[in-house]
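entry_0.txt, holding compact mmCIF, C-alpha atoms:
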# COMPACT_ATOMS: atom_id res chain seq x y z
CA SER A 952 133.59 210.26 160.37
CA PHE A 953 137.33 209.70 160.83
CA GLU A 954 137.20 206.10 159.63
CA GLY A 955 140.08 205.45 157.25
CA HIS A 956 142.04 208.53 158.38
CA SER A 957 145.00 208.51 160.73
CA VAL A 958 145.38 210.79 163.74
CA ARG A 959 148.89 211.45 165.02
CA LEU A 960 149.99 212.75 168.38
CA LEU A 961 152.36 215.68 167.97
CA GLY A 962 155.89 215.18 169.21
CA GLN A 963 159.29 216.59 168.49
CA LYS A 964 160.85 215.22 165.29
CA LYS A 965 164.17 213.48 165.91
CA ASP A 966 166.73 211.49 163.95
CA ASN A 967 169.19 209.48 166.07
CA GLY A 968 168.46 211.82 168.94
CA LYS A 969 168.99 215.01 166.86
CA ARG A 970 166.12 217.49 166.81
CA LEU A 971 164.83 218.01 163.28
CA GLY A 972 162.60 221.04 163.70
CA GLY A 973 159.12 222.01 164.79
CA ALA A 974 155.75 220.62 163.79
CA ARG A 975 155.36 218.73 160.53
CA LEU A 976 154.84 220.95 157.50
CA ASP A 977 152.05 218.80 156.09
CA LEU A 978 149.71 219.18 159.08
CA PRO A 979 146.27 220.68 158.36
CA LYS A 980 145.82 224.28 159.48
CA ILE A 981 143.54 227.27 159.01
CA ARG A 982 145.09 230.30 157.36
CA LYS A 983 144.31 233.71 158.85
CA ASN A 984 144.28 235.02 155.28
CA PRO A 985 143.36 232.38 152.64
CA LEU A 986 145.57 234.20 150.11
CA ILE A 987 148.76 234.15 152.22
CA GLU A 988 150.72 231.07 153.31
CA ILE A 989 153.25 231.55 156.13
CA ILE A 990 155.96 228.88 156.20
CA SER A 991 158.64 228.44 158.84
CA ILE A 992 161.79 227.18 157.12
CA ASN A 993 163.70 226.45 160.33
CA THR A 994 163.44 226.75 164.08
CA GLY A 995 165.98 227.80 166.69
CA CYS A 996 169.12 229.77 165.85
CA LEU A 997 172.91 229.68 165.91
CA ASN A 998 173.39 232.87 167.92
CA ALA A 999 173.43 233.44 171.67
CA CYS A 1000 172.46 237.12 171.93
CA THR A 1001 172.70 238.33 175.52
CA TYR A 1002 169.26 240.02 175.49
CA CYS A 1003 167.27 237.18 173.89
CA LYS A 1004 165.51 234.04 175.14
CA THR A 1005 164.90 232.45 171.74
CA LYS A 1006 167.89 230.15 172.09
CA HIS A 1007 166.67 228.96 175.48
CA ALA A 1008 163.10 228.51 174.26
CA ARG A 1009 163.73 226.96 170.83
CA GLY A 1010 167.23 225.54 170.95
CA ASP A 1011 169.78 225.19 168.19
CA LEU A 1012 169.11 225.61 164.51
CA ALA A 1013 166.88 222.91 163.01
CA SER A 1014 166.02 223.28 159.31
CA TYR A 1015 163.22 221.62 157.35
CA PRO A 1016 164.34 219.63 154.28
CA VAL A 1017 164.17 221.45 150.93
CA GLU A 1018 161.77 218.85 149.46
CA GLU A 1019 159.24 219.27 152.30
CA LEU A 1020 159.25 223.06 151.93
CA VAL A 1021 158.80 222.85 148.16
CA ASP A 1022 155.89 220.41 148.61
CA ARG A 1023 154.22 222.77 151.09
CA VAL A 1024 154.58 225.70 148.69
CA LYS A 1025 153.09 223.69 145.81
CA GLN A 1026 150.18 222.56 147.99
CA SER A 1027 149.54 226.17 149.05
CA PHE A 1028 149.19 227.34 145.46
CA GLN A 1029 146.85 224.43 144.76
CA GLU A 1030 144.67 225.81 147.57
CA GLY A 1031 144.41 229.28 146.03
CA VAL A 1032 147.25 231.07 147.83
CA CYS A 1033 148.95 233.89 145.88
CA GLU A 1034 151.62 235.03 148.35
CA ILE A 1035 154.16 233.04 150.39
CA TRP A 1036 155.95 234.40 153.46
CA LEU A 1037 159.04 232.58 154.67
CA THR A 1038 159.63 233.00 158.41
CA SER A 1039 162.46 232.08 160.73
CA GLU A 1040 164.48 233.34 163.68
CA ASP A 1041 167.25 233.69 161.09
CA THR A 1042 166.46 232.96 157.44
CA GLY A 1043 170.10 233.33 156.37
CA ALA A 1044 171.21 230.45 158.60
CA TYR A 1045 168.87 228.02 156.85
CA GLY A 1046 170.37 224.66 155.95
CA ARG A 1047 173.66 224.90 157.85
CA ASP A 1048 172.59 221.96 159.99
CA ILE A 1049 171.49 219.73 157.08
CA GLY A 1050 174.18 220.41 154.49
CA THR A 1051 172.43 222.96 152.30
CA ASP A 1052 171.89 226.74 152.22
CA LEU A 1053 169.30 229.47 151.67
CA PRO A 1054 169.95 230.18 147.95
CA THR A 1055 169.57 226.47 147.15
CA LEU A 1056 166.15 226.46 148.83
CA LEU A 1057 165.03 229.74 147.25
CA TRP A 1058 165.83 228.70 143.67
CA LYS A 1059 163.75 225.55 144.19
CA LEU A 1060 160.86 227.57 145.63
CA VAL A 1061 160.98 230.15 142.83
CA ASP A 1062 160.45 227.33 140.31
CA ALA A 1063 157.17 226.48 142.07
CA ILE A 1064 155.72 230.02 142.05
CA PRO A 1065 153.11 230.67 139.32
CA GLU A 1066 152.92 233.93 137.40
CA GLY A 1067 151.06 236.57 139.37
CA ALA A 1068 152.15 235.17 142.75
CA MET A 1069 154.94 236.43 145.01
CA LEU A 1070 157.44 235.19 147.60
CA ARG A 1071 158.51 237.32 150.57
CA LEU A 1072 161.68 236.51 152.50
CA GLY A 1073 161.88 236.83 156.27
CA MET A 1074 164.43 238.19 158.71
CA THR A 1075 168.13 237.41 158.33
CA ASN A 1076 171.04 238.44 160.53
CA PRO A 1077 174.10 239.96 158.79
CA PRO A 1078 176.67 237.16 159.44
CA TYR A 1079 174.85 234.41 157.57
CA ILE A 1080 173.89 236.40 154.49
CA LEU A 1081 177.39 237.77 153.79
CA GLU A 1082 178.65 234.65 152.01
CA HIS A 1083 175.54 234.45 149.79
CA LEU A 1084 175.31 238.08 148.65
CA GLU A 1085 175.78 237.42 144.92
CA GLU A 1086 173.12 234.68 144.79
CA MET A 1087 170.76 236.59 147.07
CA ALA A 1088 170.92 239.62 144.77
CA LYS A 1089 169.95 237.44 141.81
CA ILE A 1090 167.04 235.93 143.73
CA LEU A 1091 165.79 239.30 145.01
CA ASN A 1092 165.80 240.57 141.41
CA HIS A 1093 163.50 237.73 140.34
CA PRO A 1094 160.08 239.06 139.20
CA ARG A 1095 158.24 236.67 141.55
CA VAL A 1096 160.29 237.55 144.65
CA TYR A 1097 159.75 240.78 146.58
CA ALA A 1098 162.91 242.95 146.59
CA PHE A 1099 162.65 243.16 150.38
CA LEU A 1100 164.87 241.98 153.22
CA HIS A 1101 164.64 242.45 156.98
CA ILE A 1102 168.18 242.73 158.39
CA PRO A 1103 168.32 243.71 162.09
CA VAL A 1104 171.32 245.89 163.00
CA GLN A 1105 170.23 246.59 166.64
CA SER A 1106 173.03 249.17 167.14
CA ALA A 1107 175.61 251.06 165.06
CA SER A 1108 178.21 250.79 167.82
CA ASP A 1109 180.68 247.89 167.60
CA SER A 1110 181.21 247.90 171.37
CA VAL A 1111 177.45 247.56 171.97
CA LEU A 1112 177.21 244.81 169.33
CA MET A 1113 180.04 242.98 171.11
CA ASP A 1114 178.18 243.20 174.44
CA MET A 1115 175.07 241.91 172.65
CA LYS A 1116 177.15 239.01 171.20
CA ARG A 1117 175.73 239.73 167.77
CA GLU A 1118 178.75 238.19 165.99
CA TYR A 1119 179.11 240.97 163.39
CA CYS A 1120 180.29 244.56 163.26
CA VAL A 1121 178.65 247.64 161.77
CA ALA A 1122 180.89 247.34 158.69
CA ASP A 1123 179.38 243.89 157.99
CA PHE A 1124 175.87 245.32 158.09
CA LYS A 1125 176.83 248.18 155.78
CA GLN A 1126 178.51 245.78 153.36
CA VAL A 1127 175.31 243.73 153.08
CA VAL A 1128 173.06 246.77 152.65
CA ASP A 1129 175.35 248.61 150.23
CA PHE A 1130 175.84 245.53 148.05
CA LEU A 1131 172.12 244.76 147.84
CA LYS A 1132 171.20 248.40 147.18
CA GLU A 1133 173.65 248.44 144.28
CA LYS A 1134 172.70 245.06 142.79
CA VAL A 1135 168.93 245.20 143.52
CA PRO A 1136 167.81 248.73 142.57
CA GLY A 1137 164.99 250.00 144.77
CA ILE A 1138 165.27 247.18 147.33
CA THR A 1139 163.52 247.76 150.66
CA ILE A 1140 165.76 247.14 153.67
CA ALA A 1141 163.94 246.96 157.01
CA THR A 1142 165.91 246.90 160.25
CA ASP A 1143 165.58 246.76 164.05
CA ILE A 1144 167.26 248.99 166.65
CA ILE A 1145 167.43 248.64 170.43
CA CYS A 1146 167.70 251.90 172.38
CA GLY A 1147 169.45 251.91 175.75
CA PHE A 1148 171.18 248.54 175.78
CA PRO A 1149 173.29 248.16 178.97
CA GLY A 1150 176.53 250.11 178.62
CA GLU A 1151 175.34 252.18 175.62
CA THR A 1152 176.93 255.64 175.84
CA ASP A 1153 175.73 258.86 174.24
CA GLU A 1154 178.46 258.41 171.62
CA ASP A 1155 177.23 254.88 170.87
CA PHE A 1156 173.69 256.13 170.41
CA GLN A 1157 174.81 258.97 168.14
CA GLU A 1158 176.44 256.38 165.86
CA THR A 1159 173.04 254.69 165.58
CA MET A 1160 171.38 258.02 164.77
CA LYS A 1161 173.96 258.62 162.02
CA LEU A 1162 173.26 255.19 160.51
CA VAL A 1163 169.51 255.88 160.30
CA GLU A 1164 170.19 259.34 158.86
CA GLN A 1165 172.48 257.78 156.24
CA TYR A 1166 170.19 254.97 155.07
CA ARG A 1167 166.76 256.43 155.90
CA PHE A 1168 165.22 253.00 156.33
CA PRO A 1169 161.58 253.04 155.14
CA SER A 1170 160.74 250.41 157.75
CA LEU A 1171 162.36 250.71 161.19
CA PHE A 1172 161.40 248.74 164.29
CA ILE A 1173 162.48 250.75 167.35
CA ASN A 1174 162.65 248.94 170.67
CA GLN A 1175 163.40 250.45 174.08
CA PHE A 1176 165.62 247.94 175.88
CA TYR A 1177 163.88 245.80 178.44
CA PRO A 1178 165.91 243.35 180.56
CA ARG A 1179 164.39 239.91 180.15
CA PRO A 1180 164.78 237.93 183.38
CA GLY A 1181 167.33 235.15 183.11
CA THR A 1182 169.30 236.71 180.23
CA PRO A 1183 172.93 237.87 180.62
CA ALA A 1184 171.91 241.42 179.63
CA ALA A 1185 169.60 241.61 182.65
CA LYS A 1186 172.66 241.30 184.92
CA MET A 1187 174.61 244.07 183.16
CA HIS A 1188 174.80 247.69 184.30
CA GLN A 1189 171.55 249.24 183.09
CA VAL A 1190 171.07 252.57 181.33
CA PRO A 1191 168.74 254.83 183.40
CA ALA A 1192 165.09 254.50 182.36
CA ALA A 1193 164.77 258.21 181.56
CA VAL A 1194 167.78 258.02 179.22
CA LYS A 1195 166.39 254.96 177.43
CA LYS A 1196 163.07 256.71 177.00
CA GLN A 1197 164.68 259.89 175.61
CA ARG A 1198 166.84 257.95 173.14
CA THR A 1199 163.82 256.03 171.93
CA LYS A 1200 161.97 259.32 171.47
CA ASP A 1201 164.89 260.93 169.60
CA LEU A 1202 165.23 258.00 167.21
CA SER A 1203 161.48 257.95 166.59
CA GLN A 1204 161.51 261.65 165.77
CA LEU A 1205 164.36 261.11 163.29
CA PHE A 1206 162.49 258.23 161.67
CA HIS A 1207 159.34 260.33 161.24
CA SER A 1208 161.27 263.31 159.84
CA TYR A 1209 161.54 261.83 156.35
CA ASN A 1210 158.98 260.48 153.89
CA PRO A 1211 160.43 257.60 151.85
CA TYR A 1212 157.70 257.45 149.20
CA ASP A 1213 157.11 261.08 148.17
CA HIS A 1214 159.26 260.73 145.05
CA LYS A 1215 157.12 257.81 143.84
CA VAL A 1216 153.97 259.85 143.26
CA GLY A 1217 153.18 259.69 139.54
CA GLU A 1218 154.76 256.27 139.04
CA LYS A 1219 153.01 253.29 137.46
CA GLN A 1220 153.49 250.20 139.65
CA ARG A 1221 152.61 246.52 139.52
CA VAL A 1222 150.97 245.44 142.81
CA LEU A 1223 149.49 242.27 144.32
CA VAL A 1224 146.26 242.77 146.30
CA THR A 1225 145.98 240.48 149.35
CA GLU A 1226 144.33 242.18 152.34
CA GLU A 1227 141.85 244.72 153.64
CA SER A 1228 143.11 247.84 155.41
CA PHE A 1229 142.63 248.24 159.17
CA ASP A 1230 140.03 250.97 158.67
CA SER A 1231 138.22 248.77 156.09
CA ASN A 1232 138.22 251.65 153.57
CA TYR A 1233 140.78 250.19 151.15
CA TYR A 1234 142.35 246.99 149.97
CA VAL A 1235 146.06 246.58 150.72
CA ALA A 1236 148.48 245.67 147.95
CA HIS A 1237 152.27 245.51 147.75
CA ASN A 1238 154.53 246.56 144.91
CA PRO A 1239 157.68 244.61 143.88
CA PHE A 1240 159.60 246.20 146.79
CA TYR A 1241 156.96 245.12 149.33
CA GLU A 1242 155.90 248.73 149.85
CA GLN A 1243 152.29 249.12 150.93
CA VAL A 1244 149.90 250.50 148.31
CA LEU A 1245 146.25 251.19 149.13
CA VAL A 1246 143.81 250.55 146.28
CA PRO A 1247 140.01 250.95 145.89
CA LYS A 1248 137.94 248.35 147.73
CA ASP A 1249 136.78 246.47 144.65
CA PRO A 1250 136.18 242.73 145.34
CA LEU A 1251 137.29 241.93 141.78
CA LEU A 1252 140.82 243.07 142.68
CA MET A 1253 141.36 240.76 145.66
CA GLY A 1254 144.05 238.16 144.96
CA LYS A 1255 144.95 239.81 141.65
CA MET A 1256 148.14 241.40 140.38
CA ILE A 1257 147.28 244.72 138.74
CA GLU A 1258 148.88 247.95 137.54
CA VAL A 1259 148.16 251.19 139.39
CA ASN A 1260 149.05 254.86 139.08
CA ILE A 1261 150.42 256.25 142.38
CA TYR A 1262 148.62 259.50 143.20
CA GLU A 1263 149.41 260.01 146.91
CA ALA A 1264 152.09 259.03 149.43
CA GLY A 1265 152.22 258.91 153.24
CA LYS A 1266 154.86 257.84 155.74
CA HIS A 1267 154.00 254.14 155.58
CA PHE A 1268 151.97 253.79 152.38
CA MET A 1269 151.10 254.97 148.90
CA LYS A 1270 147.70 255.15 147.22
CA GLY A 1271 147.15 253.81 143.74
CA GLN A 1272 144.40 253.96 141.12
CA PRO A 1273 144.08 250.86 138.89
CA VAL A 1274 145.04 251.36 135.25
CA SER A 1275 141.90 250.59 133.26
CA ASP A 1276 143.39 248.91 130.20
CA ALA A 1277 146.24 247.05 131.94
CA ARG A 1278 146.43 243.25 132.09
CA VAL A 1279 145.21 241.62 135.32
CA TYR A 1280 147.01 238.50 136.55
CA THR A 1281 145.23 235.84 138.57
CA ALA A 1282 147.86 233.76 140.36
CA SER A 1283 145.51 231.26 141.94
CA ILE A 1284 145.60 227.83 140.35
CA THR A 1285 142.22 227.22 141.98
CA ARG A 1286 139.64 229.01 144.10
CA PRO A 1287 141.14 230.12 147.45
CA LEU A 1288 139.89 228.29 150.53
CA GLY A 1289 137.05 230.04 152.30
CA LYS A 1290 137.75 231.84 155.56
CA GLY A 1291 138.03 229.17 158.23
CA GLU A 1292 138.46 226.26 155.78
CA VAL A 1293 141.19 223.81 156.70
CA SER A 1294 144.34 223.57 154.60
CA GLY A 1295 145.97 220.23 153.87
CA LEU A 1296 142.87 218.01 153.66
CA THR A 1297 141.90 215.81 150.74
CA GLU A 1298 138.85 216.90 148.74
CA GLU A 1299 136.96 213.79 149.90
CA PHE A 1300 137.65 214.57 153.55
CA ARG A 1301 136.92 218.29 153.21
CA HIS A 1302 133.40 217.64 151.88
CA GLN A 1303 132.38 215.00 154.40
CA PRO A 1304 129.47 215.89 156.73
CA GLN A 1305 130.59 217.62 159.92
CA ASN A 1306 127.46 217.15 162.04
CA GLY A 1307 128.10 217.42 165.74
CA THR A 1308 131.73 218.42 165.28
CA ASN A 1309 133.71 221.62 165.27
CA TRP A 1310 136.88 222.65 163.48
CA LYS A 1311 139.41 224.00 165.89
CA ALA A 1312 141.81 226.61 164.49
CA CYS A 1313 145.37 226.14 165.69
CA SER A 1314 148.70 227.81 165.28
CA SER A 1315 151.16 226.50 162.71
CA ALA A 1316 152.82 224.46 165.46
CA GLU A 1317 149.60 222.56 166.11
CA ILE A 1318 147.24 220.40 164.11
CA ALA A 1319 143.76 221.63 163.22
CA VAL A 1320 141.38 218.75 163.87
CA LYS A 1321 137.70 218.04 164.43
CA THR A 1322 137.18 217.39 168.11
CA PRO A 1323 134.07 215.39 168.96
CA PHE A 1324 134.36 213.46 172.22
CA SER A 1325 135.14 210.17 170.49
CA LEU A 1326 138.11 211.71 168.67
CA TRP A 1327 139.29 213.41 171.83
CA MET A 1328 139.34 210.00 173.50
CA ALA A 1329 141.27 208.57 170.57
CA LEU A 1330 143.88 211.29 170.89
CA GLN A 1331 144.19 210.81 174.63
CA LEU A 1332 144.35 207.00 174.55
CA PRO A 1333 146.58 205.71 171.73
CA TRP A 1334 145.77 202.09 172.47
CA GLN A 1335 142.16 202.80 171.46
CA GLN A 1336 143.27 202.91 167.83
CA GLY A 1337 143.20 199.09 167.83
CA SER A 1338 140.13 196.93 167.44
CA GLY A 1339 137.01 197.21 169.55
CA LEU A 1340 137.94 193.82 171.05
CA LYS A 1341 141.05 195.31 172.63
CA ILE A 1342 138.99 198.09 174.17
CA LEU A 1343 136.49 195.57 175.52
CA SER A 1344 139.30 193.44 176.97
CA VAL A 1345 140.86 196.38 178.82
CA SER A 1346 137.45 197.47 180.10
CA LEU A 1347 136.72 193.97 181.46
CA ALA A 1348 140.13 193.85 183.12
CA LEU A 1349 139.48 197.17 184.84
CA LEU A 1350 136.06 195.93 185.95
CA ALA A 1351 137.63 192.76 187.41
CA VAL A 1352 140.12 194.82 189.41
CA LEU A 1353 137.33 196.98 190.79
CA VAL A 1354 135.29 193.91 191.77
CA MET A 1355 138.28 192.32 193.54
CA PHE A 1356 139.00 195.59 195.33
CA TYR A 1357 135.38 195.88 196.41
CA CYS A 1358 135.13 192.24 197.59
CA GLY A 1359 138.40 192.50 199.45
CA GLY A 1360 137.21 195.60 201.24
CA PHE A 1361 133.89 193.91 202.02
CA LYS A 1362 135.59 190.83 203.57
CA ALA A 1363 137.91 193.03 205.62
CA GLY A 1364 134.87 194.81 206.95
CA LEU A 1365 133.45 191.49 208.16
As a first step, turn the structure in this file into structure tokens.
Amino acid sequence: SFEGHSVRLLGQKKDNGKRLGGARLDLPKIRKNPLIEIISINTGCLNACTYCKTKHARGDLASYPVEELVDRVKQSFQEGVCEIWLTSEDTGAYGRDIGTDLPTLLWKLVDAIPEGAMLRLGMTNPPYILEHLEEMAKILNHPRVYAFLHIPVQSASDSVLMDMKREYCVADFKQVVDFLKEKVPGITIATDIICGFPGETDEDFQETMKLVEQYRFPSLFINQFYPRPGTPAAKMHQVPAAVKKQRTKDLSQLFHSYNPYDHKVGEKQRVLVTEESFDSNYYVAHNPFYEQVLVPKDPLLMGKMIEVNIYEAGKHFMKGQPVSDARVYTASITRPLGKGEVSGLTEEFRHQPQNGTNWKACSSAEIAVKTPFSLWMALQLPWQQGSGLKILSVSLALLAVLVMFYCGGFKAGL
């Protein structure tokens, strides 16, 4: 029964006509992984990249208030989560529209993270992280924050970056990476590169190859340029398809020519176990640098922070054997929700009978609700949320109109 509970229609949040962001953070939802909570800290962006449609689709930057994000994080841990992912089109731009900034948010979130749990930051573009480098280094050194940052460079040619309207130069990207590598030893920097952007010359592409050779990014997302209809880049002079394909192949070969984890074999690492591997043969854990470590598939390890000895390394992973006498941390304040259980419900509501109803899993931008026909009607007809008398009155009025219409038609026929 939904008696005593409110049902809200989803609409865009506004304040004096200004868009405040996406869906409410306190809406019920079903987590894909009960141990991992994914939280969007803002929607939209400040850039206008010539190859992208995000700006058109999601508009200007709209950040969630710090207090709402902290509340969502606290609720997640109370539901058994042990890892938080912050997502955004541009994490570094957070708060510029509401008078705050990313470090302010992160220090508040760190205070809410229990021992044995971890926070992972999302993607940030170089321009908006530059002014926060000192604070970001301190945060990324925190024991409950992964020393990991995704900073897309897209190209190592300033002329290409200008055509992309990326609003930074290669020197800015290098400044961010060099500073963080110095201040956060072992940090993982992931980046994105687009091969064959309109106007990219062989010299431009060679600059990109040199950048990858210099930094040997352990995580590199390589994209062959595709002109999205309606974007300025689609109207530019295109690089021939065969050239784009060859550049993508050359960069991929360079990326696969080095193994970033070979030197870590023999190390003892602290890892948090949160998932099952794709082949179902291992559990997947991550060390403090968010590097993937495969561990034995022991159900007692799931959701735990443990110590392992690294005995093997591949291109994208390491393998670790748990240390037998090491301390095991359990981050969960409570038992994690079962697979398919709905987050954000009161205990009373969660344990009510669900006969004749079904939970519908939705994305984070939607609400997860039970949808029997009566509730569906309530969602479709807001005026039905009043008393039964109102419903009866409207029904009688409709009946009267139908009778009058029928009688009128009958008289006309005579």
Considering only C-alpha atoms, return as a tab-separated table (two decimals) with C-alpha atoms, keeping the file's coordinate frame whatever protein or nucleic-acid residues lie within 10 Å of region 1244-1259 of chain A, sequence-local ones (same chain, fewer than 5 positions apart) excluded.
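Heads up, here's the output in out.tsv:
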chain	number	residue	atom	x	y	z
A	985	PRO	CA	143.36	232.38	152.64
A	986	LEU	CA	145.57	234.20	150.11
A	987	ILE	CA	148.76	234.15	152.22
A	1031	GLY	CA	144.41	229.28	146.03
A	1032	VAL	CA	147.25	231.07	147.83
A	1033	CYS	CA	148.95	233.89	145.88
A	1034	GLU	CA	151.62	235.03	148.35
A	1066	GLU	CA	152.92	233.93	137.40
A	1067	GLY	CA	151.06	236.57	139.37
A	1068	ALA	CA	152.15	235.17	142.75
A	1069	MET	CA	154.94	236.43	145.01
A	1217	GLY	CA	153.18	259.69	139.54
A	1218	GLU	CA	154.76	256.27	139.04
A	1219	LYS	CA	153.01	253.29	137.46
A	1220	GLN	CA	153.49	250.20	139.65
A	1221	ARG	CA	152.61	246.52	139.52
A	1222	VAL	CA	150.97	245.44	142.81
A	1223	LEU	CA	149.49	242.27	144.32
A	1224	VAL	CA	146.26	242.77	146.30
A	1225	THR	CA	145.98	240.48	149.35
A	1226	GLU	CA	144.33	242.18	152.34
A	1227	GLU	CA	141.85	244.72	153.64
A	1228	SER	CA	143.11	247.84	155.41
A	1231	SER	CA	138.22	248.77	156.09
A	1232	ASN	CA	138.22	251.65	153.57
A	1233	TYR	CA	140.78	250.19	151.15
A	1234	TYR	CA	142.35	246.99	149.97
A	1235	VAL	CA	146.06	246.58	150.72
A	1236	ALA	CA	148.48	245.67	147.95
A	1237	HIS	CA	152.27	245.51	147.75
A	1238	ASN	CA	154.53	246.56	144.91
A	1264	ALA	CA	152.09	259.03	149.43
A	1267	HIS	CA	154.00	254.14	155.58
A	1268	PHE	CA	151.97	253.79	152.38
A	1269	MET	CA	151.10	254.97	148.90
A	1270	LYS	CA	147.70	255.15	147.22
A	1271	GLY	CA	147.15	253.81	143.74
A	1272	GLN	CA	144.40	253.96	141.12
A	1273	PRO	CA	144.08	250.86	138.89
A	1274	VAL	CA	145.04	251.36	135.25
A	1275	SER	CA	141.90	250.59	133.26
A	1276	ASP	CA	143.39	248.91	130.20
A	1277	ALA	CA	146.24	247.05	131.94
A	1278	ARG	CA	146.43	243.25	132.09
A	1279	VAL	CA	145.21	241.62	135.32
A	1280	TYR	CA	147.01	238.50	136.55
A	1281	THR	CA	145.23	235.84	138.57
A	1282	ALA	CA	147.86	233.76	140.36
A	1283	SER	CA	145.51	231.26	141.94
A	1287	PRO	CA	141.14	230.12	147.45
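For the atom pair formed by CA of Phe1176 (chain A) and CA of Gln1157 (chain A), the distance is 16.3 Å, given to one decimal.
The coordinates place CA of Gln1029 (chain A) at 24.0 Å from CA of Leu1053 (chain A).
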Write out as a Markdown table a residue-level contact list of region 1146-1240 of chain A versus region 1112-1128 of chain A with cut-off 10 Å: for each qualifying residue the closest pair of atoms and the distance in Å to one decimal, counting only C-alpha atoms, rows sorted by chain and residue number upward.
| residue | atom | partner | partner_atom | distance |
| --- | --- | --- | --- | --- |
| A:Phe1148 | CA | A:Met1115 | CA | 8.3 |
| A:Pro1149 | CA | A:Asp1114 | CA | 8.3 |
| A:Gly1150 | CA | A:Asp1114 | CA | 8.2 |
| A:Glu1151 | CA | A:Asp1114 | CA | 9.5 |
| A:Glu1158 | CA | A:Val1121 | CA | 9.9 |
| A:Thr1159 | CA | A:Val1121 | CA | 9.8 |
| A:Leu1162 | CA | A:Lys1125 | CA | 9.2 |
| A:Tyr1166 | CA | A:Val1128 | CA | 9.0 |
| A:Pro1183 | CA | A:Met1115 | CA | 9.2 |
| A:Ala1184 | CA | A:Met1115 | CA | 7.7 |
| A:Met1187 | CA | A:Asp1114 | CA | 9.5 |
Quiz item: What's the 10 Å shell around Ala1185 (chain A), counting all atoms listed in the file, without same-chain residues fewer than 4 positions away, as a ChimeraX atom specification?
Solution: /A:1001-1002,1148-1149,1177-1181,1189
With C-alpha atoms kept, could you save the residues just selected as a PDB file, in the frame of the given file?
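Result file out_6.pdb:
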ATOM      1  CA  THR A1001     172.700 238.330 175.520  1.00  0.00           C
ATOM      2  CA  TYR A1002     169.260 240.020 175.490  1.00  0.00           C
ATOM      3  CA  PHE A1148     171.180 248.540 175.780  1.00  0.00           C
ATOM      4  CA  PRO A1149     173.290 248.160 178.970  1.00  0.00           C
ATOM      5  CA  TYR A1177     163.880 245.800 178.440  1.00  0.00           C
ATOM      6  CA  PRO A1178     165.910 243.350 180.560  1.00  0.00           C
ATOM      7  CA  ARG A1179     164.390 239.910 180.150  1.00  0.00           C
ATOM      8  CA  PRO A1180     164.780 237.930 183.380  1.00  0.00           C
ATOM      9  CA  GLY A1181     167.330 235.150 183.110  1.00  0.00           C
ATOM     10  CA  GLN A1189     171.550 249.240 183.090  1.00  0.00           C
TER      11      GLN A1189
END
Practice problem: Return the single residue from A:Val1104, A:Ile1140, A:Val1024, A:Val1163 that is closest to Ile1064 (chain A), with distances computed using all atoms listed in the file. | Solution: A:Val1024
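From CA of Phe1099 (chain A) back to CA of Gly1289 (chain A), the distance works out to 28.8 Å.
For region 1044-1052 of chain A, the list of residues within 7 Å, based on only C-alpha atoms and with local chain neighbours fewer than 2 positions off taken out, reads Asn993, Leu1012, Ala1013, Ser1014, Asp1041, Thr1042, Pro1054, Thr1055, Leu1056 and Tyr1079 of chain A.
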Restricted to C-alpha atoms, what would the selected residues look like written as a PDB file, in the coordinates of the input?
ATOM      1  CA  ASN A 993     163.700 226.450 160.330  1.00  0.00           C
ATOM      2  CA  LEU A1012     169.110 225.610 164.510  1.00  0.00           C
ATOM      3  CA  ALA A1013     166.880 222.910 163.010  1.00  0.00           C
ATOM      4  CA  SER A1014     166.020 223.280 159.310  1.00  0.00           C
ATOM      5  CA  ASP A1041     167.250 233.690 161.090  1.00  0.00           C
ATOM      6  CA  THR A1042     166.460 232.960 157.440  1.00  0.00           C
ATOM      7  CA  PRO A1054     169.950 230.180 147.950  1.00  0.00           C
ATOM      8  CA  THR A1055     169.570 226.470 147.150  1.00  0.00           C
ATOM      9  CA  LEU A1056     166.150 226.460 148.830  1.00  0.00           C
ATOM     10  CA  TYR A1079     174.850 234.410 157.570  1.00  0.00           C
TER      11      TYR A1079
END
Practice problem: Would you list the residues near (158.0, 259.6, 151.8), meaning any protein, DNA or RNA residue with an atom at most 7 Å from that point in file coordinates, counting all atoms listed in the file, as a PyMOL selection string? | Solution: chain A and resi 1209-1214+1264-1266
Taking all atoms of region 1061-1074 of chain A that the file lists, what box with edges along x, y and z, padded by 5 Å per side, do you get, with centre and edge lengths in Å to one decimal, as AutoDock Vina command-line options?
--center_x 157.7 --center_y 232.3 --center_z 148.1 --size_x 23.4 --size_y 21.7 --size_z 31.3
Spatial neighbours of Ile1173 (chain A), 8 Å, only C-alpha atoms, chain gap at least 2 places, as a tab-separated table (two decimals) with C-alpha atoms, in the frame of the given file:
chain	number	residue	atom	x	y	z
A	1143	ASP	CA	165.58	246.76	164.05
A	1144	ILE	CA	167.26	248.99	166.65
A	1145	ILE	CA	167.43	248.64	170.43
A	1146	CYS	CA	167.70	251.90	172.38
A	1171	LEU	CA	162.36	250.71	161.19
A	1175	GLN	CA	163.40	250.45	174.08
A	1199	THR	CA	163.82	256.03	171.93
A	1202	LEU	CA	165.23	258.00	167.21
A	1203	SER	CA	161.48	257.95	166.59
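Comparing A:Leu1057, A:Leu1070, A:Met1160, A:Val1096 by their smallest distance to Ser1108 (chain A), the closest is A:Met1160 (using only C-alpha atoms).
Distance check against Gln1026 (chain A) using all atoms listed in the file: of A:Val1190, A:Val1111, A:Ser1208, A:Ser1294, the minimum falls on A:Ser1294.
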